[in-house]
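**Q** Sending over final_37.cif (mmCIF, C-alpha atoms).
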data_final
#
loop_
_atom_site.label_atom_id
_atom_site.label_comp_id
_atom_site.auth_asym_id
_atom_site.auth_seq_id
_atom_site.Cartn_x
_atom_site.Cartn_y
_atom_site.Cartn_z
CA MET A 634 0.00 0.00 0.00
CA SER A 635 1.44 3.38 -1.05
CA TYR A 636 1.99 6.41 1.13
CA ASN A 637 -0.81 8.34 -0.64
CA THR A 638 -3.31 5.58 0.10
CA LEU A 639 -2.32 5.58 3.77
CA ALA A 640 -2.76 9.34 3.89
CA GLN A 641 -6.16 9.22 2.23
CA HIS A 642 -7.61 6.36 4.30
CA PRO A 643 -5.86 6.30 7.70
CA ALA A 644 -8.84 4.96 9.65
CA LYS A 645 -9.44 2.12 7.17
CA THR A 646 -5.80 1.13 7.28
CA VAL A 647 -5.71 1.05 11.09
CA THR A 648 -8.90 -1.03 11.17
CA LYS A 649 -7.46 -3.60 8.76
CA THR A 650 -4.27 -3.79 10.80
CA ARG A 651 -6.19 -4.36 14.01
CA LYS A 652 -8.37 -7.04 12.43
CA ARG A 653 -5.35 -8.83 11.04
CA ARG A 654 -3.56 -8.68 14.38
CA PHE A 655 -6.62 -10.03 16.18
CA ALA A 656 -6.95 -12.86 13.67
CA VAL A 657 -3.34 -13.90 14.19
CA ASN A 658 -3.59 -13.73 17.96
CA GLY A 659 -6.83 -15.69 17.88
CA TYR A 660 -4.96 -18.91 17.04
CA PHE A 661 -3.32 -18.70 20.42
CA PHE A 662 -6.58 -19.63 22.16
CA PHE A 663 -6.77 -22.90 20.21
CA VAL A 664 -3.20 -23.82 21.21
CA LEU A 665 -3.54 -22.72 24.83
CA PRO A 666 -5.35 -25.85 26.18
CA GLY A 667 -2.74 -28.21 24.75
CA VAL A 668 0.13 -26.04 25.96
CA ALA A 669 -1.43 -25.85 29.43
CA ILE A 670 -1.78 -29.64 29.64
CA VAL A 671 1.81 -30.23 28.48
CA LEU A 672 3.20 -27.66 30.92
CA GLY A 673 1.06 -29.08 33.72
CA LEU A 674 2.42 -32.58 33.13
CA THR A 675 6.07 -31.56 32.63
CA LEU A 676 6.92 -28.12 33.99
CA PHE A 677 5.01 -28.33 37.27
CA PRO A 678 6.47 -31.72 38.34
CA ALA A 679 9.96 -30.48 37.44
CA VAL A 680 9.60 -27.28 39.45
CA TYR A 681 8.01 -29.14 42.36
CA GLY A 682 10.82 -31.71 42.27
CA ILE A 683 13.40 -28.91 42.47
CA TYR A 684 11.53 -27.49 45.47
CA ILE A 685 11.46 -30.88 47.22
CA SER A 686 15.19 -31.30 46.61
CA LEU A 687 15.79 -28.23 48.77
CA THR A 688 13.99 -29.78 51.76
CA ASN A 689 14.58 -32.80 53.98
CA LEU A 690 11.35 -34.62 53.14
CA ASN A 691 11.47 -38.28 54.13
CA LEU A 692 8.42 -40.55 53.98
CA GLY A 693 9.61 -42.26 57.15
CA TYR A 694 9.21 -39.08 59.15
CA VAL A 695 6.52 -36.46 59.59
CA GLY A 696 7.07 -32.98 58.24
CA SER A 697 9.95 -31.36 56.40
CA SER A 698 12.00 -28.21 56.49
CA PHE A 699 14.12 -26.16 54.10
CA VAL A 700 17.76 -27.31 54.02
CA GLY A 701 19.05 -25.52 50.93
CA PHE A 702 21.69 -27.34 48.88
CA GLU A 703 22.41 -29.95 51.54
CA ASN A 704 21.10 -32.82 49.40
CA TYR A 705 23.21 -31.72 46.43
CA ILE A 706 26.33 -31.51 48.58
CA ARG A 707 25.56 -34.99 49.86
CA PHE A 708 25.16 -36.28 46.31
CA PHE A 709 28.37 -34.76 44.92
CA THR A 710 30.39 -35.96 47.93
CA ALA A 711 29.00 -39.53 47.93
CA ALA A 712 31.57 -42.30 47.92
CA ASP A 713 29.95 -44.16 45.02
CA LEU A 714 29.44 -41.09 42.82
CA GLY A 715 32.44 -41.89 40.63
CA LEU A 716 31.30 -45.46 39.99
CA ILE A 717 27.73 -44.41 39.23
CA THR A 718 28.97 -41.67 36.89
CA ARG A 719 31.25 -44.06 34.99
CA ASN A 720 28.51 -46.67 34.72
CA THR A 721 25.96 -44.12 33.49
CA LEU A 722 28.28 -42.47 30.96
CA SER A 723 29.47 -45.77 29.50
CA PHE A 724 25.92 -47.13 29.38
CA VAL A 725 24.43 -44.03 27.73
CA ALA A 726 27.30 -43.60 25.25
CA ALA A 727 27.24 -47.25 24.18
CA CYS A 728 23.46 -47.39 23.82
CA VAL A 729 23.23 -44.14 21.85
CA ILE A 730 26.08 -45.00 19.46
CA LEU A 731 24.83 -48.54 18.85
CA GLN A 732 21.23 -47.46 18.38
CA ALA A 733 22.21 -44.70 15.95
CA CYS A 734 24.57 -46.86 13.87
CA LEU A 735 22.53 -50.07 13.84
CA GLY A 736 19.26 -48.17 13.46
CA LEU A 737 20.59 -46.24 10.46
CA ALA A 738 21.92 -49.42 8.85
CA ALA A 739 18.61 -51.23 9.40
CA ALA A 740 16.60 -48.27 8.08
CA VAL A 741 18.70 -48.05 4.90
CA LEU A 742 18.37 -51.80 4.37
CA LEU A 743 14.61 -51.82 4.91
CA GLU A 744 14.19 -48.91 2.52
CA GLN A 745 15.68 -50.90 -0.38
CA ARG A 746 12.38 -52.64 -1.22
CA LEU A 747 13.93 -56.09 -1.00
CA PRO A 748 11.69 -59.20 -1.09
CA GLY A 749 9.85 -59.48 2.23
CA HIS A 750 10.74 -55.96 3.35
CA GLN A 751 7.20 -55.36 4.67
CA LEU A 752 7.45 -58.44 6.90
CA MET A 753 10.92 -57.40 8.06
CA ARG A 754 9.62 -53.96 9.01
CA SER A 755 6.98 -55.57 11.22
CA ILE A 756 9.55 -57.85 12.85
CA VAL A 757 11.95 -54.97 13.54
CA ILE A 758 9.24 -53.04 15.41
CA LEU A 759 8.40 -55.97 17.73
CA PRO A 760 11.00 -55.19 20.46
CA TRP A 761 9.61 -51.67 20.78
CA VAL A 762 6.06 -52.98 21.21
CA LEU A 763 6.97 -55.22 24.15
CA PRO A 764 6.79 -53.66 27.65
CA SER A 765 10.23 -52.77 28.99
CA VAL A 766 9.77 -54.64 32.27
CA VAL A 767 8.77 -57.78 30.37
CA VAL A 768 11.90 -57.45 28.21
CA GLY A 769 14.08 -57.16 31.30
CA LEU A 770 12.50 -60.16 33.02
CA VAL A 771 12.65 -62.32 29.89
CA PHE A 772 16.35 -61.65 29.33
CA ALA A 773 16.99 -62.19 33.04
CA GLN A 774 15.60 -65.70 32.57
CA ILE A 775 17.55 -66.21 29.32
CA PHE A 776 20.85 -65.43 31.05
CA GLY A 777 19.93 -67.19 34.27
CA GLY A 778 22.77 -68.98 36.00
CA SER A 779 21.05 -72.36 36.16
CA ARG A 780 20.50 -74.96 33.44
CA LEU A 781 17.03 -73.51 32.92
CA GLY A 782 18.60 -70.46 31.33
CA ILE A 783 18.48 -70.59 27.53
CA ALA A 784 21.99 -69.18 27.18
CA ASN A 785 23.51 -71.89 29.39
CA TYR A 786 21.48 -74.54 27.60
CA LEU A 787 22.87 -73.42 24.23
CA LEU A 788 26.39 -73.50 25.67
CA SER A 789 25.84 -77.03 26.96
CA LEU A 790 25.07 -78.16 23.40
CA PHE A 791 28.69 -77.28 22.52
CA GLY A 792 30.09 -78.91 25.65
CA ILE A 793 30.68 -75.61 27.46
CA GLY A 794 29.93 -75.46 31.17
CA GLN A 795 27.47 -73.16 32.87
CA MET A 796 28.26 -69.48 33.22
CA SER A 797 27.14 -67.02 35.86
CA TRP A 798 26.36 -64.24 33.44
CA PHE A 799 25.57 -61.58 36.00
CA SER A 800 28.43 -62.37 38.36
CA ASP A 801 31.04 -60.70 36.18
CA PRO A 802 30.66 -56.86 36.28
CA LEU A 803 31.88 -56.34 32.72
CA LEU A 804 29.73 -59.13 31.27
CA ALA A 805 26.69 -57.88 33.18
CA MET A 806 27.17 -54.37 31.76
CA ILE A 807 27.60 -55.74 28.24
CA ILE A 808 24.36 -57.72 28.55
CA LEU A 809 22.55 -54.67 29.94
CA ILE A 810 23.77 -52.47 27.08
CA GLY A 811 22.87 -55.15 24.51
CA VAL A 812 19.32 -55.59 25.82
CA CYS A 813 18.62 -51.85 26.06
CA THR A 814 20.05 -51.34 22.57
CA TRP A 815 17.90 -54.16 21.19
CA ARG A 816 14.87 -52.53 22.82
CA GLY A 817 15.66 -49.02 21.52
CA ILE A 818 16.70 -49.75 17.93
CA PRO A 819 13.12 -50.01 16.53
CA PHE A 820 12.32 -46.43 17.55
CA THR A 821 15.44 -45.18 15.76
CA VAL A 822 14.57 -47.26 12.70
CA ILE A 823 11.06 -45.79 12.54
CA ILE A 824 12.34 -42.21 12.70
CA LEU A 825 15.12 -42.71 10.17
CA LEU A 826 12.99 -44.81 7.83
CA GLY A 827 10.43 -42.03 7.73
CA GLY A 828 13.20 -39.55 6.95
CA LEU A 829 14.60 -41.75 4.19
CA GLN A 830 11.24 -41.90 2.44
CA THR A 831 11.14 -38.09 2.22
CA LEU A 832 14.53 -37.71 0.51
CA PRO A 833 14.40 -36.59 -3.16
CA ARG A 834 14.92 -39.49 -5.57
CA ASP A 835 16.24 -37.28 -8.37
CA VAL A 836 19.38 -36.52 -6.37
CA TYR A 837 20.20 -40.23 -6.14
CA GLU A 838 19.48 -40.73 -9.84
CA ALA A 839 21.78 -37.86 -10.78
CA ALA A 840 24.53 -39.24 -8.54
CA ALA A 841 24.15 -42.70 -10.05
CA ILE A 842 24.40 -41.25 -13.56
CA ASP A 843 27.59 -39.43 -12.54
CA GLY A 844 29.06 -42.76 -11.45
CA ALA A 845 28.77 -42.46 -7.66
CA THR A 846 28.96 -45.77 -5.82
CA ALA A 847 26.42 -46.89 -3.23
CA TRP A 848 28.79 -45.95 -0.40
CA GLN A 849 29.41 -42.50 -1.91
CA ARG A 850 25.69 -41.90 -2.26
CA PHE A 851 25.18 -42.93 1.35
CA ARG A 852 28.05 -40.81 2.66
CA TYR A 853 27.57 -37.64 0.64
CA ILE A 854 23.79 -37.63 0.10
CA THR A 855 21.94 -39.78 2.64
CA VAL A 856 23.83 -38.83 5.79
CA PRO A 857 23.91 -35.04 5.16
CA LEU A 858 20.22 -34.93 4.23
CA LEU A 859 19.29 -37.08 7.24
CA ARG A 860 21.38 -35.03 9.65
CA PRO A 861 18.39 -33.28 11.32
CA ILE A 862 16.55 -36.60 11.72
CA ILE A 863 19.69 -38.27 13.10
CA MET A 864 20.05 -35.42 15.57
CA ILE A 865 16.49 -35.93 16.79
CA SER A 866 16.98 -39.68 17.18
CA ILE A 867 20.25 -39.15 19.10
CA ILE A 868 18.64 -36.59 21.43
CA MET A 869 15.68 -38.86 22.17
CA GLY A 870 17.92 -41.91 22.48
CA THR A 871 20.14 -40.11 24.97
CA GLY A 872 17.19 -39.06 27.08
CA GLY A 873 15.77 -42.57 26.99
CA ALA A 874 19.07 -44.19 27.97
CA LEU A 875 19.82 -41.68 30.73
CA ASN A 876 16.36 -42.07 32.24
CA SER A 877 16.16 -45.82 31.66
CA LEU A 878 15.08 -47.64 34.81
CA ASP A 879 12.74 -50.55 34.06
CA ILE A 880 15.11 -52.77 32.07
CA PRO A 881 18.23 -52.17 34.26
CA LEU A 882 16.17 -52.71 37.41
CA ALA A 883 14.54 -55.91 36.14
CA LEU A 884 17.71 -57.28 34.53
CA THR A 885 20.55 -56.57 36.96
CA GLY A 886 19.13 -54.34 39.69
CA GLY A 887 22.47 -52.55 39.74
CA GLY A 888 24.42 -55.72 40.49
CA PRO A 889 26.65 -57.52 40.96
CA GLY A 890 27.13 -55.31 43.97
CA ASN A 891 26.75 -51.88 42.39
CA ALA A 892 28.80 -52.64 39.27
CA THR A 893 25.90 -51.79 36.93
CA GLU A 894 24.16 -49.23 39.11
CA LEU A 895 23.05 -46.26 37.03
CA ILE A 896 21.98 -42.85 38.25
CA SER A 897 18.34 -43.79 37.57
CA ILE A 898 18.66 -46.87 39.80
CA ALA A 899 20.27 -44.75 42.52
CA LEU A 900 17.32 -42.35 42.34
CA TYR A 901 14.87 -45.25 42.60
CA LYS A 902 16.61 -46.83 45.57
CA GLN A 903 16.86 -43.57 47.49
CA SER A 904 13.24 -42.61 46.83
CA PHE A 905 11.46 -45.95 47.29
CA PHE A 906 13.80 -48.09 49.38
CA GLN A 907 15.31 -45.48 51.69
CA LEU A 908 12.17 -43.28 51.42
CA ASP A 909 14.46 -40.24 51.18
CA VAL A 910 12.34 -38.34 48.68
CA SER A 911 14.32 -35.11 48.89
CA TYR A 912 17.62 -36.82 48.12
CA GLY A 913 15.98 -38.67 45.23
CA ALA A 914 14.57 -35.37 43.96
CA SER A 915 18.05 -33.84 44.01
CA ILE A 916 19.33 -36.75 41.89
CA GLY A 917 16.40 -36.23 39.51
CA THR A 918 17.23 -32.52 39.25
CA VAL A 919 20.83 -33.37 38.38
CA MET A 920 19.56 -35.73 35.67
CA LEU A 921 17.32 -32.95 34.32
CA ILE A 922 20.24 -30.52 34.12
CA VAL A 923 22.42 -33.14 32.43
CA ASN A 924 19.67 -33.81 29.87
CA ILE A 925 19.40 -30.10 29.06
CA LEU A 926 23.18 -29.71 28.75
CA LEU A 927 23.42 -32.74 26.44
CA ILE A 928 20.62 -31.41 24.23
CA MET A 929 22.40 -28.05 23.97
CA LEU A 930 25.64 -29.86 23.11
CA TYR A 931 23.94 -31.94 20.42
CA LEU A 932 22.32 -28.87 18.91
CA ALA A 933 25.66 -27.06 18.82
CA VAL A 934 27.58 -29.98 17.30
CA LEU A 935 25.07 -31.76 15.08
CA GLN A 936 22.91 -28.89 13.84
CA PRO A 937 23.60 -28.13 10.18
CA ARG A 938 25.58 -24.94 9.79
CA ARG A 939 23.79 -22.13 8.03
CA ARG A 940 25.59 -20.96 4.98
CA ASN A 941 26.37 -17.31 4.73
CA GLU A 942 23.97 -15.86 2.22
CA ASP A 943 26.43 -13.16 1.24
CA GLY A 944 29.14 -15.77 0.60
#
Please render this file's structure as structure tokens.
**A**
Amino acid sequence: MSYNTLAQHPAKTVTKTRKRRFAVNGYFFFVLPGVAIVLGLTLFPAVYGIYISLTNLNLGYVGSSFVGFENYIRFFTAADLGLITRNTLSFVAACVILQACLGLAAAVLLEQRLPGHQLMRSIVILPWVLPSVVVGLVFAQIFGGSRLGIANYLLSLFGIGQMSWFSDPLLAMIILIGVCTWRGIPFTVIILLGGLQTLPRDVYEAAAIDGATAWQRFRYITVPLLRPIIMISIIMGTGGALNSLDIPLALTGGGPGNATELISIALYKQSFFQLDVSYGASIGTVMLIVNILLIMLYLAVLQPRRRNEDG
């Protein structure tokens, strides 16, 4: 609209601007109920958990009082903090790397339209459909130390004696990582497979005409175009592994001793075994902060760099 039009019809212009602004702001009222529910189920529990962590609330006693950062000082000066930190970092790193690599490989394979690919897609999703506690209990029976365990039975077929799978700390951690990875791969496959189906086919056809090999097409076309989807899967996989409790608790329970005890198991034991809710809330707050820091790190490292428009 020109300057002369604005000068001739100022009231009409202001009315149109107000109507347009009201129409845009009106969408907010449709989003508000959903936003309120999400914030009520996420933000309020987080804030309330931070508040509880600053008190000495214990379900074994009546009443509580404000103690400040006493629970955090207790957590960061605990004798087993180093072991729990190493266990958690190694567990999360292994699960995320394996889920990302194996999930990407499976997604690329299932996207090739090979014979029976529809059936294979259904089979790949099965571990994700099963309840996590059931997965943990089933694998606990598979690697049971007696002859009833399937793993020991298979070893006996080759003349190998029984093994106490969960007695060795390293072997127990490997089994825990393997089971959690097996459980989490289907989710990564679903995300990446959906991303693969949105990639432009003409780019691959042009690369094939230029003589690019399958590995070159995967490295220079598939991976760069899937980078945002890979970032999302890594962020969600990290959060899932860091907060994982059901499978570790059902499979090893933190044993042998505390060789496989993760920070999530420590939170559970303090809150429900020791009934020290405030100390458990402080551990949960630390986990929340670590999750946020990891997400910020992923966004800084994995986010595609914006090209300079002037360059």
**Q** Looking at all atoms listed in the file, which of A:Cys728, A:Ala892, A:Leu858, A:Ala841 is the one that sits closest to Ser800 in chain A?
**A** A:Ala892
**Q** Apply the PyMOL selection byres ((chain A and resi 770-777) around 10) to the structure shown and report the selected residues as a PyMOL selection string.
**A** chain A and resi 765-769+778-786+795-799+805+808-809+812+879-885
**Q** Just to confirm, what's the straight-line distance from CA of Leu763 in chain A to CA of Thr814 in chain A in Å (one decimal)?
**A**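 That distance, rounded to one decimal, is 13.7 Å.
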**Q** Can you tell me how far CA of Val757 in chain A sits from CA of Ala739 in chain A, in Å to one decimal?
**A** 8.7 Å
**Q** Just how far from CA of Gly913 in chain A is CA of Leu804 in chain A, in Å to one decimal?
**A**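 Between these atoms lies a distance of 28.3 Å.
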**Q** Centre and edge lengths of an axis-aligned box around all listed atoms of range 742-749 of chain A, with 3 Å added on each side, are to be given in Å to one decimal, as JSON.
**A**
{"center_x": 14.1, "center_y": -54.2, "center_z": 1.8, "size_x": 14.5, "size_y": 16.6, "size_z": 12.1}
**Q** Select, from A:Val729, A:Val856, A:Ala738, A:Ile807, the residue with the minimum atom-to-atom distance to Val822 in chain A, counting only C-alpha atoms.
**A** A:Ala738
